[in-house]
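One structure is given below, encoded as structure tokens.
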Amino acid sequence: MRRSHGDLPQGSDRDRDSWRPSESVAIRWTTLADDAGDFLHDLVIASPDPVDETLRKRLSITVGADGANGWALIRQVAEPITTLLVEVAESPPQRPEVVATLLDHCPAFDAGRPLRRTATRFGPADVAELAAYVMEAPSRMLPVLVLADPVPTRSAFDPDSLADLLVGVAHVVRVAADALDEMRMQFGAPFAVEAGGARLYWPKWRSDDSPSRHPRWSSEDLAAGGARPVFGRSIASKLFVVAATHVAEPPLRNRLRSAQAQAQREERDARVREQLVTLEQTSTADDGPGLRATRGDVATATADDADGARARETALRHEAERLRNEIGILRGDLDMVHDDYDAAVDELGDLERQLATVTEERDRLFAGLVNPGAPGSDPRDPKSLADAVEMARMHSTDTIYLPDALASSRRSQVRNPRKALETLMTLDRVARRFRARQVRGSLDQEMRAAGLHWSGGISETAEQLHATTYAVRHRGEYVMLGPHLRIGKSLRAYCHVDKEERLIVVGHVGEHLPGKRDR
């Protein structure tokens, strides 16, 4: 239920409710739980950004328990208060304060290693333990940032401050200078760290990993900026973006939702059955002894009472018929409870057929953009890549073009804008089938079958080296671009596949973005 701002009212629903403690702050919460004691509690707090008045800060806290395991997921994003695009000054990365509060009250672990707000120091005798954790802990979820002490021992920034900033996002480790030889032996020279440098080890280590998958920085990189070193802020910004785009929804959520829906169906079934039994008993009582007694009264009634007895008998007969009809309706409702899925599928099919009719008419009217002179055509013709992208955005039904895609298209040129438009409209036709669940194989196969030069993603190395380049904002969240479409000989349209909404989101149209060979 929605409430006006003020004190939290008495009688608030513990499982699902919302509250506005002030006019500019909104809080909502939901709880999912099952009989086994597993639960998932979500708390979302939206409040004005303390630095930029054009932004709103949204803090999401999810706490759950699955069997003997408990965990917490904390996400914080900045959202524009209005749809007006404004220039936002870059601000240093900051972690939500609730992370520190949570760790102060409840220790947390990643693959058995505690999350710490200070850098963990490793000497020569500890390097084997570090190597085992980096290379042999498949359940590790967070990257490990290793900082090697310089010779002489001096750092361009404070590792403990960096560890405090990155707690819950990465493990920060400080390796002593006399332990670097042992590290080269344990990790292998290609994966080691130079004196005064740093290296980031991503999770899911594989024996065939390329050294370039785990980026490294030299002592000169760490010292850059002099008295105001830039490395700490740079690596923190990168890791925050990667963390925001790689956080998966807990599998427990779907299981608890299914259990809750099943419990609601069973409760509704039981309620209907109870009403059914009650009505059947009432009907039997009225149609049996009551009617038989009335008929007996009619047989023995005097002439003066006969009409009244017959009227009573007729009224009872009608009442019995009404009860039978109501029983039939309730039985039908009970059947509908079990058939609601089939009904939803039928309704979906009707809507898809209506959509096909509408889009067919739209395609006919739009044919002139790519086939001038066709019946009902529009005589306009794109003069540039930006024109082609804008026309595709206006006429696409199942492809979303982000502002970044429009901006990048203005910086690039294509020899045949009409061909680019045809390619983007073919992309939308495949996206339409994808959204209607008419793609029988994989989406990649469907794209190629439509004649598109489509790649299903970028390399993991490229994604990690250039995470900030491939990250774009979609509906208030960071998402990663990856799948891409070739336009002409050198241009690309980089996309994100929104599997929840079943949409294709285009975030860049223009020059090829950097790959694993680009540094």
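Residue numbering restarts at 1 for every chain of the structure tokens, chains are lettered A, B, ... in their displayed order, and ligands are numbered from 1 as they appear.
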
List as an NGL selection string the protein and nucleic acid residues near A:Val505, meaning an atom at most 9 Å away when only C-alpha atoms are counted, but skip any in the same chain fewer than 3 places from it. :A and (398-402 or 474 or 481 or 494-498)

Within 8 Å of stretch 511-515 of chain A using only C-alpha atoms, minus same-chain residues under 2 positions, as a PDB file with C-alpha atoms, in the first residue's frame:
ATOM      1  CA  SER A 412      31.079   8.254 -37.838  1.00  0.00           C
ATOM      2  CA  ILE A 458      33.283  -9.857 -27.202  1.00  0.00           C
ATOM      3  CA  SER A 459      36.186 -11.654 -25.577  1.00  0.00           C
ATOM      4  CA  THR A 461      39.712 -10.132 -21.927  1.00  0.00           C
ATOM      5  CA  ALA A 462      38.339  -7.186 -23.906  1.00  0.00           C
ATOM      6  CA  GLU A 463      35.407  -6.874 -21.524  1.00  0.00           C
ATOM      7  CA  HIS A 466      37.764  -1.972 -21.340  1.00  0.00           C
ATOM      8  CA  THR A 469      33.961   1.566 -22.514  1.00  0.00           C
ATOM      9  CA  SER A 490      34.342  -1.116 -40.556  1.00  0.00           C
ATOM     10  CA  LEU A 491      31.387   0.081 -38.470  1.00  0.00           C
ATOM     11  CA  ARG A 492      29.647  -1.815 -35.694  1.00  0.00           C
ATOM     12  CA  VAL A 509      26.762   2.639 -33.549  1.00  0.00           C
ATOM     13  CA  ARG A 517      44.801  -6.340 -28.330  1.00  0.00           C
ATOM     14  CA  ASP A 518      44.108  -2.674 -27.559  1.00  0.00           C
TER      15      ASP A 518
END

Give me the residues within 8 Å of stretch 209-211 of chain A as a PDB file with C-alpha atoms, in the first residue's frame, counting only C-alpha atoms and dropping any in the same chain fewer than 3 places off.
ATOM      1  CA  PRO A 190      53.893 -14.278 -16.829  1.00  0.00           C
ATOM      2  CA  PHE A 191      51.361 -13.897 -13.988  1.00  0.00           C
ATOM      3  CA  TRP A 205      40.840 -18.736 -13.085  1.00  0.00           C
ATOM      4  CA  ARG A 206      41.510 -21.284 -15.830  1.00  0.00           C
ATOM      5  CA  HIS A 214      44.610 -10.377 -15.624  1.00  0.00           C
ATOM      6  CA  PRO A 215      45.720  -6.735 -16.179  1.00  0.00           C
TER       7      PRO A 215
END

Give me, please, the distance in Å between atom CA of A:Pro93 and atom CA of A:Val173, quoted to one decimal.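 It comes out at 19.8 Å.
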
Enumerate, as a PDB file with C-alpha atoms, in the first residue's frame, the complete set of residues in stretch 23-193 of chain A that a backbone-based DSSP assignment places in strand (DSSP E or B).
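Written output follows (part-v3.pdb):
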ATOM      1  CA  VAL A  25      12.615  10.230   0.363  1.00  0.00           C
ATOM      2  CA  ALA A  26      10.811   7.013  -0.529  1.00  0.00           C
ATOM      3  CA  ILE A  27      11.297   3.604   1.103  1.00  0.00           C
ATOM      4  CA  ARG A  28       9.789   0.291   0.075  1.00  0.00           C
ATOM      5  CA  TRP A  29      10.361  -3.251   1.224  1.00  0.00           C
ATOM      6  CA  THR A  30       9.313  -6.782   0.317  1.00  0.00           C
ATOM      7  CA  THR A  31       9.882 -10.164   1.925  1.00  0.00           C
ATOM      8  CA  LEU A  32       9.754 -13.632   0.394  1.00  0.00           C
ATOM      9  CA  ALA A  33       9.916 -16.695   2.637  1.00  0.00           C
ATOM     10  CA  PHE A  39      13.950 -15.905   3.057  1.00  0.00           C
ATOM     11  CA  LEU A  40      14.817 -12.921   0.899  1.00  0.00           C
ATOM     12  CA  HIS A  41      14.293  -9.372   2.192  1.00  0.00           C
ATOM     13  CA  ASP A  42      14.588  -6.375  -0.154  1.00  0.00           C
ATOM     14  CA  LEU A  43      14.863  -2.793   1.053  1.00  0.00           C
ATOM     15  CA  VAL A  44      15.034   0.093  -1.443  1.00  0.00           C
ATOM     16  CA  ILE A  45      15.705   3.687  -0.339  1.00  0.00           C
ATOM     17  CA  ALA A  46      15.449   6.531  -2.861  1.00  0.00           C
ATOM     18  CA  SER A  47      16.757   9.925  -1.725  1.00  0.00           C
ATOM     19  CA  PRO A  48      18.260  13.092  -3.254  1.00  0.00           C
ATOM     20  CA  LEU A  55      20.265  13.179  -9.420  1.00  0.00           C
ATOM     21  CA  ARG A  56      18.484  10.781  -7.104  1.00  0.00           C
ATOM     22  CA  LYS A  57      20.395   8.104  -5.194  1.00  0.00           C
ATOM     23  CA  ARG A  58      18.798   4.640  -5.062  1.00  0.00           C
ATOM     24  CA  LEU A  59      20.203   2.214  -2.495  1.00  0.00           C
ATOM     25  CA  SER A  60      19.050  -1.423  -2.740  1.00  0.00           C
ATOM     26  CA  ILE A  61      19.809  -3.864   0.067  1.00  0.00           C
ATOM     27  CA  THR A  62      18.978  -7.543  -0.327  1.00  0.00           C
ATOM     28  CA  VAL A  63      19.513  -9.888   2.607  1.00  0.00           C
ATOM     29  CA  GLY A  64      18.784 -13.589   2.303  1.00  0.00           C
ATOM     30  CA  ALA A  65      19.260 -17.014   3.832  1.00  0.00           C
ATOM     31  CA  ASP A  66      19.358 -20.276   1.899  1.00  0.00           C
ATOM     32  CA  ASN A  69      24.188 -19.907   4.067  1.00  0.00           C
ATOM     33  CA  GLY A  70      23.383 -16.248   4.551  1.00  0.00           C
ATOM     34  CA  TRP A  71      24.423 -13.371   2.294  1.00  0.00           C
ATOM     35  CA  ALA A  72      23.828  -9.718   1.513  1.00  0.00           C
ATOM     36  CA  LEU A  73      23.791  -7.837  -1.786  1.00  0.00           C
ATOM     37  CA  ILE A  74      24.111  -4.029  -1.766  1.00  0.00           C
ATOM     38  CA  ARG A  75      23.728  -1.878  -4.868  1.00  0.00           C
ATOM     39  CA  GLN A  76      23.748   1.899  -5.176  1.00  0.00           C
ATOM     40  CA  VAL A  77      23.042   3.828  -8.385  1.00  0.00           C
ATOM     41  CA  ALA A  78      22.431   7.455  -9.284  1.00  0.00           C
ATOM     42  CA  GLU A  79      19.363   8.205 -11.405  1.00  0.00           C
ATOM     43  CA  PRO A  80      18.301  11.466 -13.087  1.00  0.00           C
ATOM     44  CA  PHE A 109      33.265 -14.166   3.458  1.00  0.00           C
ATOM     45  CA  ASP A 110      34.098 -14.881  -0.177  1.00  0.00           C
ATOM     46  CA  ARG A 113      38.244 -15.517   2.939  1.00  0.00           C
ATOM     47  CA  PRO A 114      36.836 -12.680   5.090  1.00  0.00           C
ATOM     48  CA  THR A 120      45.980  -8.007   3.792  1.00  0.00           C
ATOM     49  CA  ARG A 121      49.758  -8.328   3.975  1.00  0.00           C
ATOM     50  CA  PHE A 122      51.518 -11.400   2.569  1.00  0.00           C
ATOM     51  CA  VAL A 144      41.960  -9.912  -6.076  1.00  0.00           C
ATOM     52  CA  LEU A 145      44.033  -6.725  -6.441  1.00  0.00           C
ATOM     53  CA  VAL A 146      47.674  -7.369  -5.545  1.00  0.00           C
ATOM     54  CA  LEU A 147      49.930  -4.401  -4.751  1.00  0.00           C
ATOM     55  CA  ALA A 148      53.652  -5.153  -4.619  1.00  0.00           C
ATOM     56  CA  HIS A 171      40.135  -8.120  -2.119  1.00  0.00           C
ATOM     57  CA  VAL A 172      43.141  -5.803  -1.737  1.00  0.00           C
ATOM     58  CA  VAL A 173      46.408  -7.617  -0.979  1.00  0.00           C
ATOM     59  CA  ARG A 174      49.831  -6.117  -0.256  1.00  0.00           C
ATOM     60  CA  VAL A 175      52.811  -8.374  -1.025  1.00  0.00           C
TER      61      VAL A 175
END

Which parts of stretch 101-148 of chain A does DSSP call alpha helix (DSSP H) when run on the backbone here, written out as a list in words?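 Here are the alpha helix (DSSP H) residues of stretch 101-148 of chain A: Thr101, Leu102, Leu103, Asp104, His105, Val127, Ala128, Glu129, Leu130, Ala131, Ala132, Tyr133, Val134, Met135 and Glu136 of chain A.
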
Store the residues picked out above, limited to C-alpha atoms, as a compact mmCIF listing (two decimals), in the first residue's frame.
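Final file, part-v8.txt:
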# COMPACT_ATOMS: atom_id res chain seq x y z
CA THR A 101 28.03 -0.80 8.91
CA LEU A 102 27.06 -4.31 7.82
CA LEU A 103 30.64 -5.62 8.06
CA ASP A 104 31.04 -4.07 11.51
CA HIS A 105 28.07 -6.11 12.76
CA VAL A 127 52.40 -16.56 -0.97
CA ALA A 128 51.45 -20.24 -1.45
CA GLU A 129 48.19 -19.53 0.38
CA LEU A 130 47.54 -16.53 -1.88
CA ALA A 131 48.23 -18.59 -5.02
CA ALA A 132 45.85 -21.32 -3.89
CA TYR A 133 43.10 -18.78 -3.27
CA VAL A 134 43.58 -17.00 -6.59
CA MET A 135 43.98 -20.08 -8.80
CA GLU A 136 42.21 -22.90 -6.94

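Closest approach to A:Ser161 from the set A:Leu142, A:Leu406, A:Ala236, A:Ala431 is made by A:Ala236, with distances taken over only C-alpha atoms.
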
Could you pull the residues within 12 Å of A:Ala243, counting only C-alpha atoms, minus those fewer than 6 positions along the same chain, as number ranges by chain? A: 73-77, 95, 141-143, 166-170, 202, 236-237, 464, 467-468, 471, 477-480

Residues within 7 Å of stretch 448-456 of chain A, please, as number ranges by chain. Count only C-alpha atoms; anything in the same chain fewer than 6 positions from it doesn't count. A: 483-486
